[in-house]
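One file, target-v6.csv, is given below (CSV, C-alpha atoms and all ligand atoms).
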```csv
chain,number,residue,atom,x,y,z
A,1,MET,CA,36.9,-10.8,20.4
A,2,ARG,CA,34.6,-13.5,21.6
A,3,GLN,CA,31.9,-10.9,22.4
A,4,LEU,CA,32.3,-9.4,19.0
A,5,LEU,CA,31.9,-12.8,17.3
A,6,ILE,CA,28.7,-13.4,19.3
A,7,THR,CA,27.3,-10.0,18.3
A,8,ILE,CA,28.0,-10.7,14.6
A,9,LEU,CA,26.5,-14.1,14.7
A,10,CYS,CA,23.4,-12.8,16.5
A,11,THR,CA,22.7,-10.3,13.8
A,12,LEU,CA,22.7,-13.0,11.1
A,13,PRO,CA,19.1,-13.6,10.2
A,14,PHE,CA,19.2,-17.4,10.1
A,15,LEU,CA,20.2,-17.5,13.8
A,16,ALA,CA,16.7,-16.8,14.7
A,17,GLY,CA,17.3,-18.0,18.2
A,18,CYS,CA,19.1,-14.8,18.9
A,19,THR,CA,16.2,-12.7,17.8
A,20,LYS,CA,14.9,-10.6,20.7
A,21,LYS,CA,11.5,-11.8,21.6
A,22,SER,CA,9.7,-10.9,24.7
A,23,SER,CA,7.7,-13.7,26.2
A,24,ASN,CA,4.9,-11.5,27.3
A,25,GLU,CA,3.8,-10.8,23.8
A,26,ILE,CA,2.2,-12.9,21.1
A,27,VAL,CA,3.4,-12.0,17.6
A,28,ILE,CA,1.1,-12.2,14.6
A,29,GLY,CA,2.5,-11.7,11.1
A,30,GLN,CA,0.7,-10.0,8.3
A,31,TYR,CA,1.9,-9.8,4.6
A,32,GLY,CA,0.3,-7.6,2.0
A,33,SER,CA,0.6,-5.1,-0.8
A,34,MET,CA,1.4,-2.0,1.2
A,35,THR,CA,2.8,-0.4,-2.0
A,36,GLY,CA,2.4,-1.0,-5.7
A,37,SER,CA,-0.6,-1.0,-8.0
A,38,GLU,CA,-2.7,-2.8,-5.5
A,39,ALA,CA,-1.6,-0.7,-2.5
A,40,THR,CA,-5.1,0.0,-1.2
A,41,PHE,CA,-5.7,-3.7,-0.8
A,42,GLY,CA,-2.8,-4.0,1.7
A,43,GLN,CA,-3.3,-0.7,3.4
A,44,SER,CA,-7.1,-1.1,3.9
A,45,THR,CA,-6.7,-4.7,5.2
A,46,ASP,CA,-4.0,-3.5,7.6
A,47,LYS,CA,-6.3,-0.9,9.0
A,48,GLY,CA,-9.0,-3.5,9.8
A,49,VAL,CA,-6.5,-5.9,11.3
A,50,ARG,CA,-5.0,-3.2,13.5
A,51,LEU,CA,-8.4,-2.2,14.8
A,52,ALA,CA,-9.1,-5.7,15.9
A,53,ILE,CA,-5.7,-6.1,17.6
A,54,ASP,CA,-5.9,-2.7,19.4
A,55,GLU,CA,-9.3,-3.8,20.7
A,56,ALA,CA,-7.9,-7.1,22.0
A,57,ASN,CA,-5.0,-5.3,23.7
A,58,ALA,CA,-7.2,-2.7,25.2
A,59,ALA,CA,-9.2,-5.5,26.8
A,60,GLY,CA,-6.0,-6.9,28.4
A,61,GLY,CA,-4.6,-9.0,25.6
A,62,ILE,CA,-4.8,-12.8,25.4
A,63,LYS,CA,-3.5,-15.3,27.9
A,64,GLY,CA,-2.1,-12.3,29.8
A,65,LYS,CA,0.0,-11.3,26.8
A,66,LYS,CA,-0.1,-8.3,24.5
A,67,ILE,CA,-0.6,-9.0,20.8
A,68,LYS,CA,2.0,-7.6,18.5
A,69,LEU,CA,1.3,-7.2,14.8
A,70,VAL,CA,4.3,-7.3,12.4
A,71,THR,CA,3.1,-6.3,8.9
A,72,MET,CA,5.5,-6.8,5.9
A,73,ASP,CA,5.1,-5.3,2.5
A,74,ASP,CA,5.3,-7.7,-0.5
A,75,GLN,CA,4.9,-4.8,-3.0
A,76,GLY,CA,2.2,-6.8,-4.7
A,77,LYS,CA,4.7,-9.4,-6.0
A,78,ALA,CA,4.3,-13.1,-5.5
A,79,GLU,CA,8.1,-13.7,-5.0
A,80,GLU,CA,8.2,-11.0,-2.4
A,81,ALA,CA,5.2,-12.6,-0.6
A,82,ALA,CA,7.1,-15.8,-0.3
A,83,SER,CA,10.2,-14.1,1.0
A,84,VAL,CA,8.5,-11.9,3.6
A,85,VAL,CA,6.5,-14.8,4.9
A,86,THR,CA,9.7,-16.8,5.3
A,87,ARG,CA,11.1,-13.8,7.3
A,88,LEU,CA,8.0,-13.5,9.4
A,89,ILE,CA,8.2,-17.2,10.4
A,90,GLU,CA,11.9,-17.5,10.8
A,91,GLN,CA,13.0,-14.2,12.2
A,92,GLU,CA,9.8,-12.7,13.8
A,93,LYS,CA,8.7,-16.1,15.1
A,94,VAL,CA,5.1,-15.3,14.4
A,95,VAL,CA,2.5,-17.7,15.8
A,96,ALA,CA,0.2,-17.2,12.8
A,97,LEU,CA,-0.2,-15.3,9.6
A,98,LEU,CA,-2.8,-13.0,8.1
A,99,GLY,CA,-2.7,-12.5,4.3
A,100,GLU,CA,-2.8,-12.0,1.4
A,101,VAL,CA,-5.6,-10.3,-0.4
A,102,ALA,CA,-4.6,-11.4,-3.9
A,103,SER,CA,-5.0,-15.1,-4.6
A,104,SER,CA,-1.7,-15.4,-6.6
A,105,ARG,CA,0.3,-14.0,-3.6
A,106,SER,CA,-1.6,-16.2,-1.1
A,107,LEU,CA,-0.7,-19.2,-3.3
A,108,ALA,CA,2.9,-18.2,-3.3
A,109,ALA,CA,3.1,-18.0,0.5
A,110,ALA,CA,0.7,-20.7,1.6
A,111,PRO,CA,3.1,-23.7,0.9
A,112,ILE,CA,5.7,-22.0,3.2
A,113,ALA,CA,3.1,-21.6,6.0
A,114,GLN,CA,2.0,-25.2,5.5
A,115,SER,CA,5.5,-26.7,5.5
A,116,LYS,CA,6.4,-24.7,8.7
A,117,LYS,CA,3.1,-25.6,10.3
A,118,VAL,CA,2.2,-21.9,10.9
A,119,PRO,CA,-1.5,-21.3,10.5
A,120,MET,CA,-2.5,-18.8,7.9
A,121,ILE,CA,-5.8,-17.0,7.4
A,122,THR,CA,-6.4,-15.1,4.2
A,123,PRO,CA,-9.2,-12.5,4.8
A,124,SER,CA,-10.1,-12.1,1.1
A,125,SER,CA,-8.4,-14.5,-1.4
A,126,THR,CA,-11.2,-16.2,-3.2
A,127,ASN,CA,-9.5,-18.6,-5.5
A,128,PRO,CA,-10.4,-22.2,-4.4
A,129,LYS,CA,-6.8,-23.4,-4.8
A,130,VAL,CA,-5.5,-21.3,-1.9
A,131,THR,CA,-6.9,-23.4,0.9
A,132,GLU,CA,-6.3,-26.6,-1.0
A,133,VAL,CA,-2.6,-26.1,-0.2
A,134,GLY,CA,-3.0,-27.8,3.1
A,135,ASP,CA,-4.6,-28.1,6.5
A,136,PHE,CA,-2.8,-25.0,7.9
A,137,VAL,CA,-4.4,-22.6,5.4
A,138,PHE,CA,-7.8,-21.0,6.0
A,139,ARG,CA,-9.9,-18.2,4.6
A,140,THR,CA,-12.8,-16.2,6.2
A,141,CYS,CA,-14.4,-15.3,2.9
A,142,PHE,CA,-16.4,-17.0,0.1
A,143,ILE,CA,-14.8,-18.6,-2.9
A,144,ASP,CA,-14.9,-17.7,-6.6
A,145,PRO,CA,-17.3,-20.5,-7.9
A,146,PHE,CA,-19.9,-18.7,-5.7
A,147,GLN,CA,-18.8,-15.2,-6.8
A,148,GLY,CA,-18.9,-16.3,-10.5
A,149,THR,CA,-22.4,-17.6,-10.0
A,150,VAL,CA,-23.5,-14.3,-8.3
A,151,MET,CA,-22.4,-12.2,-11.3
A,152,ALA,CA,-23.6,-14.6,-14.0
A,153,LYS,CA,-27.0,-14.6,-12.4
A,154,PHE,CA,-26.9,-10.9,-12.0
A,155,ALA,CA,-26.0,-10.5,-15.7
A,156,THR,CA,-28.8,-12.8,-17.0
A,157,GLU,CA,-31.5,-12.1,-14.5
A,158,ASN,CA,-31.1,-8.5,-13.4
A,159,LEU,CA,-29.6,-7.0,-16.6
A,160,LYS,CA,-31.1,-9.5,-19.0
A,161,ALA,CA,-27.7,-9.7,-20.7
A,162,LYS,CA,-27.1,-13.0,-22.5
A,163,LYS,CA,-24.3,-12.2,-24.8
A,164,VAL,CA,-21.4,-11.3,-22.6
A,165,ALA,CA,-17.8,-10.5,-23.4
A,166,ILE,CA,-14.9,-11.2,-20.9
A,167,LEU,CA,-11.6,-9.4,-20.4
A,168,ARG,CA,-9.4,-11.4,-18.1
A,169,ASP,CA,-6.0,-10.9,-16.5
A,170,VAL,CA,-4.0,-14.0,-17.5
A,171,LYS,CA,-1.3,-13.3,-14.9
A,172,SER,CA,-3.8,-13.5,-12.0
A,173,ASP,CA,-5.1,-16.8,-10.6
A,174,TYR,CA,-8.0,-14.9,-9.3
A,175,SER,CA,-9.0,-13.4,-12.6
A,176,VAL,CA,-8.6,-16.6,-14.6
A,177,GLY,CA,-10.5,-18.6,-12.1
A,178,LEU,CA,-13.4,-16.1,-11.7
A,179,ALA,CA,-13.6,-15.7,-15.5
A,180,ASP,CA,-14.0,-19.5,-15.9
A,181,PHE,CA,-16.5,-19.9,-13.1
A,182,PHE,CA,-18.6,-17.0,-14.5
A,183,THR,CA,-18.5,-18.6,-18.0
A,184,ALA,CA,-19.7,-22.0,-16.7
A,185,LYS,CA,-22.6,-20.5,-14.8
A,186,LEU,CA,-23.6,-18.1,-17.6
A,187,LYS,CA,-23.8,-21.0,-20.1
A,188,GLU,CA,-25.9,-23.0,-17.6
A,189,LEU,CA,-28.3,-20.0,-17.4
A,190,GLY,CA,-28.6,-19.9,-21.2
A,191,GLY,CA,-26.1,-17.1,-21.8
A,192,GLU,CA,-23.1,-17.1,-24.1
A,193,VAL,CA,-19.6,-15.7,-23.9
A,194,ILE,CA,-19.2,-14.1,-27.3
A,195,GLU,CA,-15.6,-13.0,-26.8
A,196,ASP,CA,-13.0,-13.8,-24.2
A,197,VAL,CA,-9.8,-11.6,-24.5
A,198,SER,CA,-6.8,-11.3,-22.2
A,199,TYR,CA,-4.5,-8.8,-20.7
A,200,SER,CA,-1.6,-8.9,-18.2
A,201,SER,CA,-1.5,-7.1,-14.8
A,202,GLY,CA,0.6,-4.0,-15.4
A,203,ASP,CA,-0.7,-3.3,-18.9
A,204,VAL,CA,-1.9,0.2,-19.6
A,205,ASP,CA,-3.2,0.0,-23.2
A,206,PHE,CA,-6.3,-2.2,-23.7
A,207,LYS,CA,-7.5,-0.6,-27.0
A,208,ALA,CA,-6.7,-3.7,-29.2
A,209,GLN,CA,-8.7,-6.0,-27.0
A,210,LEU,CA,-11.6,-3.5,-26.6
A,211,THR,CA,-11.7,-2.9,-30.4
A,212,LYS,CA,-12.1,-6.6,-30.9
A,213,LEU,CA,-14.9,-6.8,-28.3
A,214,LYS,CA,-16.7,-3.9,-29.8
A,215,THR,CA,-17.3,-5.6,-33.2
A,216,LYS,CA,-19.3,-8.4,-31.3
A,217,ASN,CA,-21.7,-5.9,-29.7
A,218,PRO,CA,-21.7,-7.5,-26.2
A,219,GLU,CA,-24.7,-6.8,-23.9
A,220,ALA,CA,-22.3,-6.7,-20.9
A,221,ILE,CA,-18.6,-7.0,-20.3
A,222,PHE,CA,-17.2,-8.9,-17.4
A,223,ILE,CA,-13.8,-7.8,-16.2
A,224,PRO,CA,-12.6,-9.9,-13.2
A,225,GLY,CA,-9.5,-7.8,-12.5
A,226,TYR,CA,-8.0,-5.4,-10.0
A,227,TYR,CA,-8.9,-1.8,-9.7
A,228,THR,CA,-5.9,-0.2,-11.4
A,229,GLU,CA,-6.4,-2.0,-14.7
A,230,VAL,CA,-10.2,-2.0,-14.5
A,231,GLY,CA,-10.2,1.8,-14.1
A,232,LEU,CA,-8.1,2.2,-17.2
A,233,ILE,CA,-10.1,-0.4,-19.2
A,234,ALA,CA,-13.3,1.5,-18.3
A,235,ARG,CA,-12.0,4.8,-19.7
A,236,GLN,CA,-10.6,3.3,-22.8
A,237,ALA,CA,-13.9,1.3,-23.4
A,238,ARG,CA,-15.9,4.5,-23.2
A,239,GLU,CA,-13.4,6.4,-25.4
A,240,LEU,CA,-14.0,3.7,-28.1
A,241,GLY,CA,-17.7,4.3,-27.8
A,242,ILE,CA,-18.5,1.0,-26.0
A,243,LYS,CA,-21.7,1.5,-24.0
A,244,ALA,CA,-22.3,-2.0,-22.6
A,245,PRO,CA,-22.5,-2.2,-18.8
A,246,LEU,CA,-19.3,-3.2,-17.1
A,247,LEU,CA,-19.3,-6.0,-14.5
A,248,GLY,CA,-16.7,-7.3,-12.1
A,249,GLY,CA,-15.8,-9.0,-8.8
A,250,ASP,CA,-14.4,-8.0,-5.5
A,251,GLY,CA,-11.1,-6.9,-7.1
A,252,TRP,CA,-12.8,-3.7,-8.0
A,253,ASP,CA,-13.1,-2.7,-4.4
A,254,SER,CA,-10.9,0.3,-3.9
A,255,PRO,CA,-11.3,4.1,-3.3
A,256,LYS,CA,-8.9,4.4,-6.3
A,257,LEU,CA,-11.3,2.7,-8.7
A,258,SER,CA,-13.3,5.8,-9.4
A,259,GLU,CA,-10.2,8.0,-9.2
A,260,ILE,CA,-8.7,6.1,-12.1
A,261,GLY,CA,-11.8,5.2,-14.0
A,262,GLN,CA,-13.6,8.6,-13.4
A,263,LYS,CA,-17.0,8.9,-15.0
A,264,ALA,CA,-16.3,5.9,-17.2
A,265,ILE,CA,-16.6,3.4,-14.3
A,266,ASP,CA,-19.9,5.0,-12.9
A,267,GLY,CA,-22.8,2.6,-13.3
A,268,GLY,CA,-20.5,-0.5,-13.2
A,269,TYR,CA,-21.6,-3.4,-11.0
A,270,PHE,CA,-19.4,-5.7,-8.9
A,271,SER,CA,-19.8,-8.4,-6.3
A,272,ASN,CA,-18.3,-7.8,-2.9
A,273,HIS,CA,-17.9,-9.0,0.7
A,274,TYR,CA,-19.4,-6.0,2.3
A,275,SER,CA,-21.3,-2.7,1.7
A,276,ASN,CA,-21.1,0.4,3.9
A,277,GLU,CA,-24.9,0.7,3.5
A,278,THR,CA,-25.5,-2.4,5.7
A,279,THR,CA,-27.7,-2.0,8.7
A,280,ASP,CA,-26.3,-5.1,10.4
A,281,PRO,CA,-25.6,-4.0,14.0
A,282,VAL,CA,-22.1,-5.7,14.1
A,283,ALA,CA,-21.2,-3.8,10.9
A,284,VAL,CA,-22.6,-0.5,12.1
A,285,GLU,CA,-20.6,-0.8,15.3
A,286,PHE,CA,-17.5,-1.6,13.3
A,287,GLN,CA,-18.0,1.5,11.0
A,288,LYS,CA,-18.3,3.7,14.1
A,289,LYS,CA,-15.0,2.4,15.6
A,290,PHE,CA,-13.3,2.5,12.2
A,291,LYS,CA,-14.4,6.1,11.6
A,292,ALA,CA,-13.2,7.2,15.1
A,293,LYS,CA,-9.8,5.6,14.6
A,294,TYR,CA,-9.0,6.5,10.9
A,295,ASN,CA,-11.5,9.4,10.2
A,296,GLU,CA,-12.7,7.6,7.0
A,297,MET,CA,-15.2,4.9,6.1
A,298,PRO,CA,-13.9,1.4,5.7
A,299,ASP,CA,-13.9,-0.5,2.4
A,300,GLY,CA,-14.6,-4.2,2.0
A,301,LEU,CA,-11.0,-5.1,2.6
A,302,SER,CA,-10.9,-3.3,6.0
A,303,ALA,CA,-14.0,-5.2,7.0
A,304,ALA,CA,-12.6,-8.5,5.8
A,305,GLY,CA,-9.2,-7.8,7.5
A,306,TYR,CA,-11.0,-7.1,10.8
A,307,ASP,CA,-13.0,-10.3,10.6
A,308,ALA,CA,-10.0,-12.5,9.8
A,309,ALA,CA,-8.1,-10.9,12.7
A,310,LYS,CA,-11.0,-11.4,15.1
A,311,VAL,CA,-11.3,-15.1,14.1
A,312,LEU,CA,-7.6,-15.6,14.6
A,313,LEU,CA,-7.6,-13.9,18.0
A,314,LYS,CA,-10.5,-16.1,19.1
A,315,ALA,CA,-8.6,-19.2,18.0
A,316,ILE,CA,-5.5,-18.1,19.9
A,317,GLU,CA,-7.6,-17.4,22.9
A,318,GLN,CA,-9.2,-20.9,22.8
A,319,ALA,CA,-6.0,-22.8,22.0
A,320,PRO,CA,-4.4,-24.7,25.0
A,321,ASP,CA,-1.0,-23.4,23.9
A,322,LEU,CA,0.6,-21.2,21.3
A,323,SER,CA,1.8,-24.0,19.0
A,324,GLY,CA,0.9,-23.9,15.3
A,325,ALA,CA,-1.1,-27.1,15.6
A,326,ALA,CA,-3.1,-25.9,18.6
A,327,ILE,CA,-4.1,-22.7,17.0
A,328,ARG,CA,-4.8,-24.5,13.7
A,329,ASP,CA,-7.2,-26.8,15.5
A,330,GLN,CA,-9.1,-23.9,17.0
A,331,ILE,CA,-9.4,-22.0,13.7
A,332,ALA,CA,-10.9,-25.1,12.1
A,333,LYS,CA,-13.5,-25.2,14.9
A,334,ILE,CA,-14.8,-21.6,14.4
A,335,THR,CA,-18.6,-21.6,13.8
A,336,GLY,CA,-21.2,-18.8,13.8
A,337,HIS,CA,-18.7,-16.0,14.4
A,338,ASP,CA,-20.6,-12.8,14.0
A,339,GLY,CA,-18.5,-11.0,11.5
A,340,VAL,CA,-18.8,-7.6,9.9
A,341,THR,CA,-18.9,-9.3,6.5
A,342,GLY,CA,-21.4,-11.9,7.7
A,343,LYS,CA,-21.6,-15.0,9.8
A,344,ILE,CA,-18.3,-17.0,9.6
A,345,SER,CA,-18.2,-20.8,10.0
A,346,ILE,CA,-15.1,-22.6,8.8
A,347,ASN,CA,-16.1,-25.6,6.7
A,348,ASP,CA,-14.2,-28.9,6.2
A,349,LYS,CA,-12.4,-27.3,3.2
A,350,ARG,CA,-11.2,-24.4,5.5
A,351,ASN,CA,-13.4,-21.9,3.6
A,352,ALA,CA,-16.3,-19.8,4.9
A,353,THR,CA,-19.7,-20.1,3.3
A,354,LYS,CA,-21.2,-16.6,3.2
A,355,SER,CA,-23.4,-14.3,1.2
A,356,ALA,CA,-22.2,-11.7,-1.2
A,357,VAL,CA,-23.5,-8.2,-2.1
A,358,VAL,CA,-23.7,-6.6,-5.5
A,359,VAL,CA,-22.9,-2.9,-5.5
A,360,GLN,CA,-23.0,-0.2,-8.2
A,361,VAL,CA,-20.2,2.3,-8.6
A,362,GLU,CA,-21.4,5.9,-8.2
A,363,GLY,CA,-18.4,8.1,-7.8
A,364,GLN,CA,-16.7,7.4,-4.5
A,365,THR,CA,-19.6,5.4,-3.1
A,366,ASN,CA,-20.6,1.9,-4.0
A,367,LYS,CA,-24.4,1.8,-3.9
A,368,PHE,CA,-25.9,-1.4,-2.4
A,369,VAL,CA,-28.0,-3.3,-5.0
A,370,THR,CA,-28.7,-6.7,-3.7
A,371,THR,CA,-27.5,-9.5,-1.4
A,372,VAL,CA,-27.0,-13.0,-2.8
A,373,ASN,CA,-27.1,-16.0,-0.4
A,374,PRO,CA,-25.1,-19.1,-1.1
B,401,LIG,N1,-10.6,-12.0,-4.1
B,401,LIG,C1,-9.4,-11.4,-4.7
B,401,LIG,C2,-8.4,-12.5,-5.0
B,401,LIG,O1,-8.6,-13.5,-4.5
B,401,LIG,C3,-8.8,-10.3,-3.8
B,401,LIG,C4,-9.7,-9.2,-3.4
B,401,LIG,C5,-10.6,-9.4,-2.3
B,401,LIG,C6,-9.6,-7.9,-3.9
B,401,LIG,C7,-11.4,-8.3,-1.9
B,401,LIG,C8,-10.4,-6.9,-3.5
B,401,LIG,C9,-11.3,-7.1,-2.5
B,401,LIG,O2,-7.4,-12.3,-5.7
```
Could you express the structure from this file as structure tokens?
Amino acid sequence: MRQLLITILCTLPFLAGCTKKSSNEIVIGQYGSMTGSEATFGQSTDKGVRLAIDEANAAGGIKGKKIKLVTMDDQGKAEEAASVVTRLIEQEKVVALLGEVASSRSLAAAPIAQSKKVPMITPSSTNPKVTEVGDFVFRTCFIDPFQGTVMAKFATENLKAKKVAILRDVKSDYSVGLADFFTAKLKELGGEVIEDVSYSSGDVDFKAQLTKLKTKNPEAIFIPGYYTEVGLIARQARELGIKAPLLGGDGWDSPKLSEIGQKAIDGGYFSNHYSNETTDPVAVEFQKKFKAKYNEMPDGLSAAGYDAAKVLLKAIEQAPDLSGAAIRDQIAKITGHDGVTGKISINDKRNATKSAVVVQVEGQTNKFVTTVNP
């Protein structure tokens, strides 16, 4: 009877002390959209992260221990992100967290990481608010004030477009922030937002908003959204006879974009963290290893995931012990890390100042157009 009671108690999730955990491994938690309408974000990131961890283990692990990665699917939902991160911390006893891609989901989980003092690195959330949550929250990518500047400059200088329309996702912190930063810079450069309309993630019919845009004759349309909606918007825009170039941000980065958008998205431009056309030796080496492991080319999220994992592993290696505070202090000290997506130095706001690339959609490939330095 007593034995039975112990068994029952030990299976209760809140009795984390009973969770089996071998002391010769270091557990890292990852949370992401492994399913749902942004599934390629989570899956691609996971591939990059796994490559970095496999490499570390092949080289003998860290502090004599193997690294174990536990990835949990948040289905692309903010509430799920909060709940799986709680589980990673309380049940899996992770020493640190990697995730999320989407800013809204990083924002839902970051307060939990902060209050539990478990360091978190987001590889690709670009909304400034994410790392403002607290001193345990980091990112290894640039932020949206920069990304908005890149695309506003590209519109006015490269495309000579001054009258721009915006289609923003009001359910996404990323989309709203990037639309605002883009608008501010465009005005500064003498441009004008002649129409600013909204949609919500999950929408499938954008005809009403697009019809409204069309009457204003925009010279370009900025759509800071994620690939599923952007692909549908592109098709519906072309069906309505809108010919203006379409512009966006890193949220376009998915092999699914051109599958959904088909011919309609061809020619569109977006800013990103990485391009496969890079000749940087660190990136070329990464592509080779990625191709060998997965038999496909990486996208920007795989590259960003790999970089974030490498930075975290370096910090764990340099930390005197495996406490959250010790690892946190070492992440904060990372400077000049030679990443696939560029040189990574964590600044006093726990962000990385890095260059961006602008690419042009051409079927399944994103053609490199230009690099923009901060
Ligand atoms: N930067 C986006 C966000 O913060 C996420 C993203 C990054 C999507 C890179 C695709 C590629 O929400």
Contact residues around Thr365 in chain A with all atoms listed in the file at 10 Å, ignoring same-chain residues under 3 positions, as a list of chain:residue names:
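Close residues of Thr365 in chain A: A:Pro255, A:Ser258, A:Asp266, A:Ser275, A:Asn276, A:Glu277, A:Asp299, A:Val359, A:Gln360, A:Val361, A:Glu362, A:Phe368.
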Near Gly177 in chain A, within 10 Å and counting only C-alpha atoms, which residues show up once chain neighbours fewer than 2 positions away are dropped, as a PyMOL selection string?
chain A and resi 103+126-129+144-145+148+168-170+172-175+179-183+224
Contacts of range 52-58 of chain A at 12 Å (all atoms listed in the file; same-chain gap of 6+ positions) as a PyMOL selection string
chain A and resi 25-30+45-46+64-70+286+289-290+293+302-314+316-317+339-340
Only C-alpha atoms, please: the residues just picked out, written as a PDB file, in the frame of the given file.
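Generated output (again.pdb):
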```pdb
ATOM      1  CA  GLU A  25       3.800 -10.800  23.800  1.00  0.00           C
ATOM      2  CA  ILE A  26       2.200 -12.900  21.100  1.00  0.00           C
ATOM      3  CA  VAL A  27       3.400 -12.000  17.600  1.00  0.00           C
ATOM      4  CA  ILE A  28       1.100 -12.200  14.600  1.00  0.00           C
ATOM      5  CA  GLY A  29       2.500 -11.700  11.100  1.00  0.00           C
ATOM      6  CA  GLN A  30       0.700 -10.000   8.300  1.00  0.00           C
ATOM      7  CA  THR A  45      -6.700  -4.700   5.200  1.00  0.00           C
ATOM      8  CA  ASP A  46      -4.000  -3.500   7.600  1.00  0.00           C
ATOM      9  CA  GLY A  64      -2.100 -12.300  29.800  1.00  0.00           C
ATOM     10  CA  LYS A  65       0.000 -11.300  26.800  1.00  0.00           C
ATOM     11  CA  LYS A  66      -0.100  -8.300  24.500  1.00  0.00           C
ATOM     12  CA  ILE A  67      -0.600  -9.000  20.800  1.00  0.00           C
ATOM     13  CA  LYS A  68       2.000  -7.600  18.500  1.00  0.00           C
ATOM     14  CA  LEU A  69       1.300  -7.200  14.800  1.00  0.00           C
ATOM     15  CA  VAL A  70       4.300  -7.300  12.400  1.00  0.00           C
ATOM     16  CA  PHE A 286     -17.500  -1.600  13.300  1.00  0.00           C
ATOM     17  CA  LYS A 289     -15.000   2.400  15.600  1.00  0.00           C
ATOM     18  CA  PHE A 290     -13.300   2.500  12.200  1.00  0.00           C
ATOM     19  CA  LYS A 293      -9.800   5.600  14.600  1.00  0.00           C
ATOM     20  CA  SER A 302     -10.900  -3.300   6.000  1.00  0.00           C
ATOM     21  CA  ALA A 303     -14.000  -5.200   7.000  1.00  0.00           C
ATOM     22  CA  ALA A 304     -12.600  -8.500   5.800  1.00  0.00           C
ATOM     23  CA  GLY A 305      -9.200  -7.800   7.500  1.00  0.00           C
ATOM     24  CA  TYR A 306     -11.000  -7.100  10.800  1.00  0.00           C
ATOM     25  CA  ASP A 307     -13.000 -10.300  10.600  1.00  0.00           C
ATOM     26  CA  ALA A 308     -10.000 -12.500   9.800  1.00  0.00           C
ATOM     27  CA  ALA A 309      -8.100 -10.900  12.700  1.00  0.00           C
ATOM     28  CA  LYS A 310     -11.000 -11.400  15.100  1.00  0.00           C
ATOM     29  CA  VAL A 311     -11.300 -15.100  14.100  1.00  0.00           C
ATOM     30  CA  LEU A 312      -7.600 -15.600  14.600  1.00  0.00           C
ATOM     31  CA  LEU A 313      -7.600 -13.900  18.000  1.00  0.00           C
ATOM     32  CA  LYS A 314     -10.500 -16.100  19.100  1.00  0.00           C
ATOM     33  CA  ILE A 316      -5.500 -18.100  19.900  1.00  0.00           C
ATOM     34  CA  GLU A 317      -7.600 -17.400  22.900  1.00  0.00           C
ATOM     35  CA  GLY A 339     -18.500 -11.000  11.500  1.00  0.00           C
ATOM     36  CA  VAL A 340     -18.800  -7.600   9.900  1.00  0.00           C
TER      37      VAL A 340
END
```
Find the residues around Leu322 in chain A up to 10 Å (only C-alpha atoms counted), leave out those fewer than 4 positions away in its own chain, and share them as a VMD selection string.
chain A and resid 26 63 95 to 96 315 to 318 326 to 328
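With CA of Ala78 in chain A on one side and CA of Lys116 in chain A on the other, the separation reads 18.5 Å.
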CA of Ala39 in chain A to CA of Arg105 in chain A: how many Å, to one decimal?
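For CA of Ala39 in chain A relative to CA of Arg105 in chain A, the distance reads 13.5 Å.
Candidate residues A:Ala264, A:Ala234, A:Ala332, A:Ala102 were compared for distance to ligand LIG 401 (chain B), and the nearest is A:Ala102, using only C-alpha atoms and all ligand atoms.
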Neighbour list for range 237-246 of chain A as a short mmCIF file (atom, residue, chain, number, x, y, z; two decimals) with C-alpha atoms, in the coordinates of the input, cut-off 6 Å, all atoms listed in the file, skip fewer than 3 positions in-chain:
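What ended up in part-v5.cif:
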```cif
data_model
loop_
_atom_site.label_atom_id
_atom_site.label_comp_id
_atom_site.auth_asym_id
_atom_site.auth_seq_id
_atom_site.Cartn_x
_atom_site.Cartn_y
_atom_site.Cartn_z
CA GLU A 219 -24.70 -6.80 -23.90
CA ALA A 220 -22.30 -6.70 -20.90
CA ILE A 221 -18.60 -7.00 -20.30
CA ILE A 233 -10.10 -0.40 -19.20
CA ALA A 234 -13.30 1.50 -18.30
CA GLY A 268 -20.50 -0.50 -13.20
#
```
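You can rank A:Leu159, A:Met120, A:Ile346, A:Leu210 by their closest distance to Ile334 in chain A using only C-alpha atoms, and at the top of that list sits A:Ile346.
Among the candidates A:Gly342, A:Gly324, A:Gly60, A:Pro123, the one nearest to ligand LIG 401 (chain B) when counting all atoms listed in the file is A:Pro123.
Interatomic distance, CA of Glu296 in chain A to CA of Leu247 in chain A: 26.3 Å.
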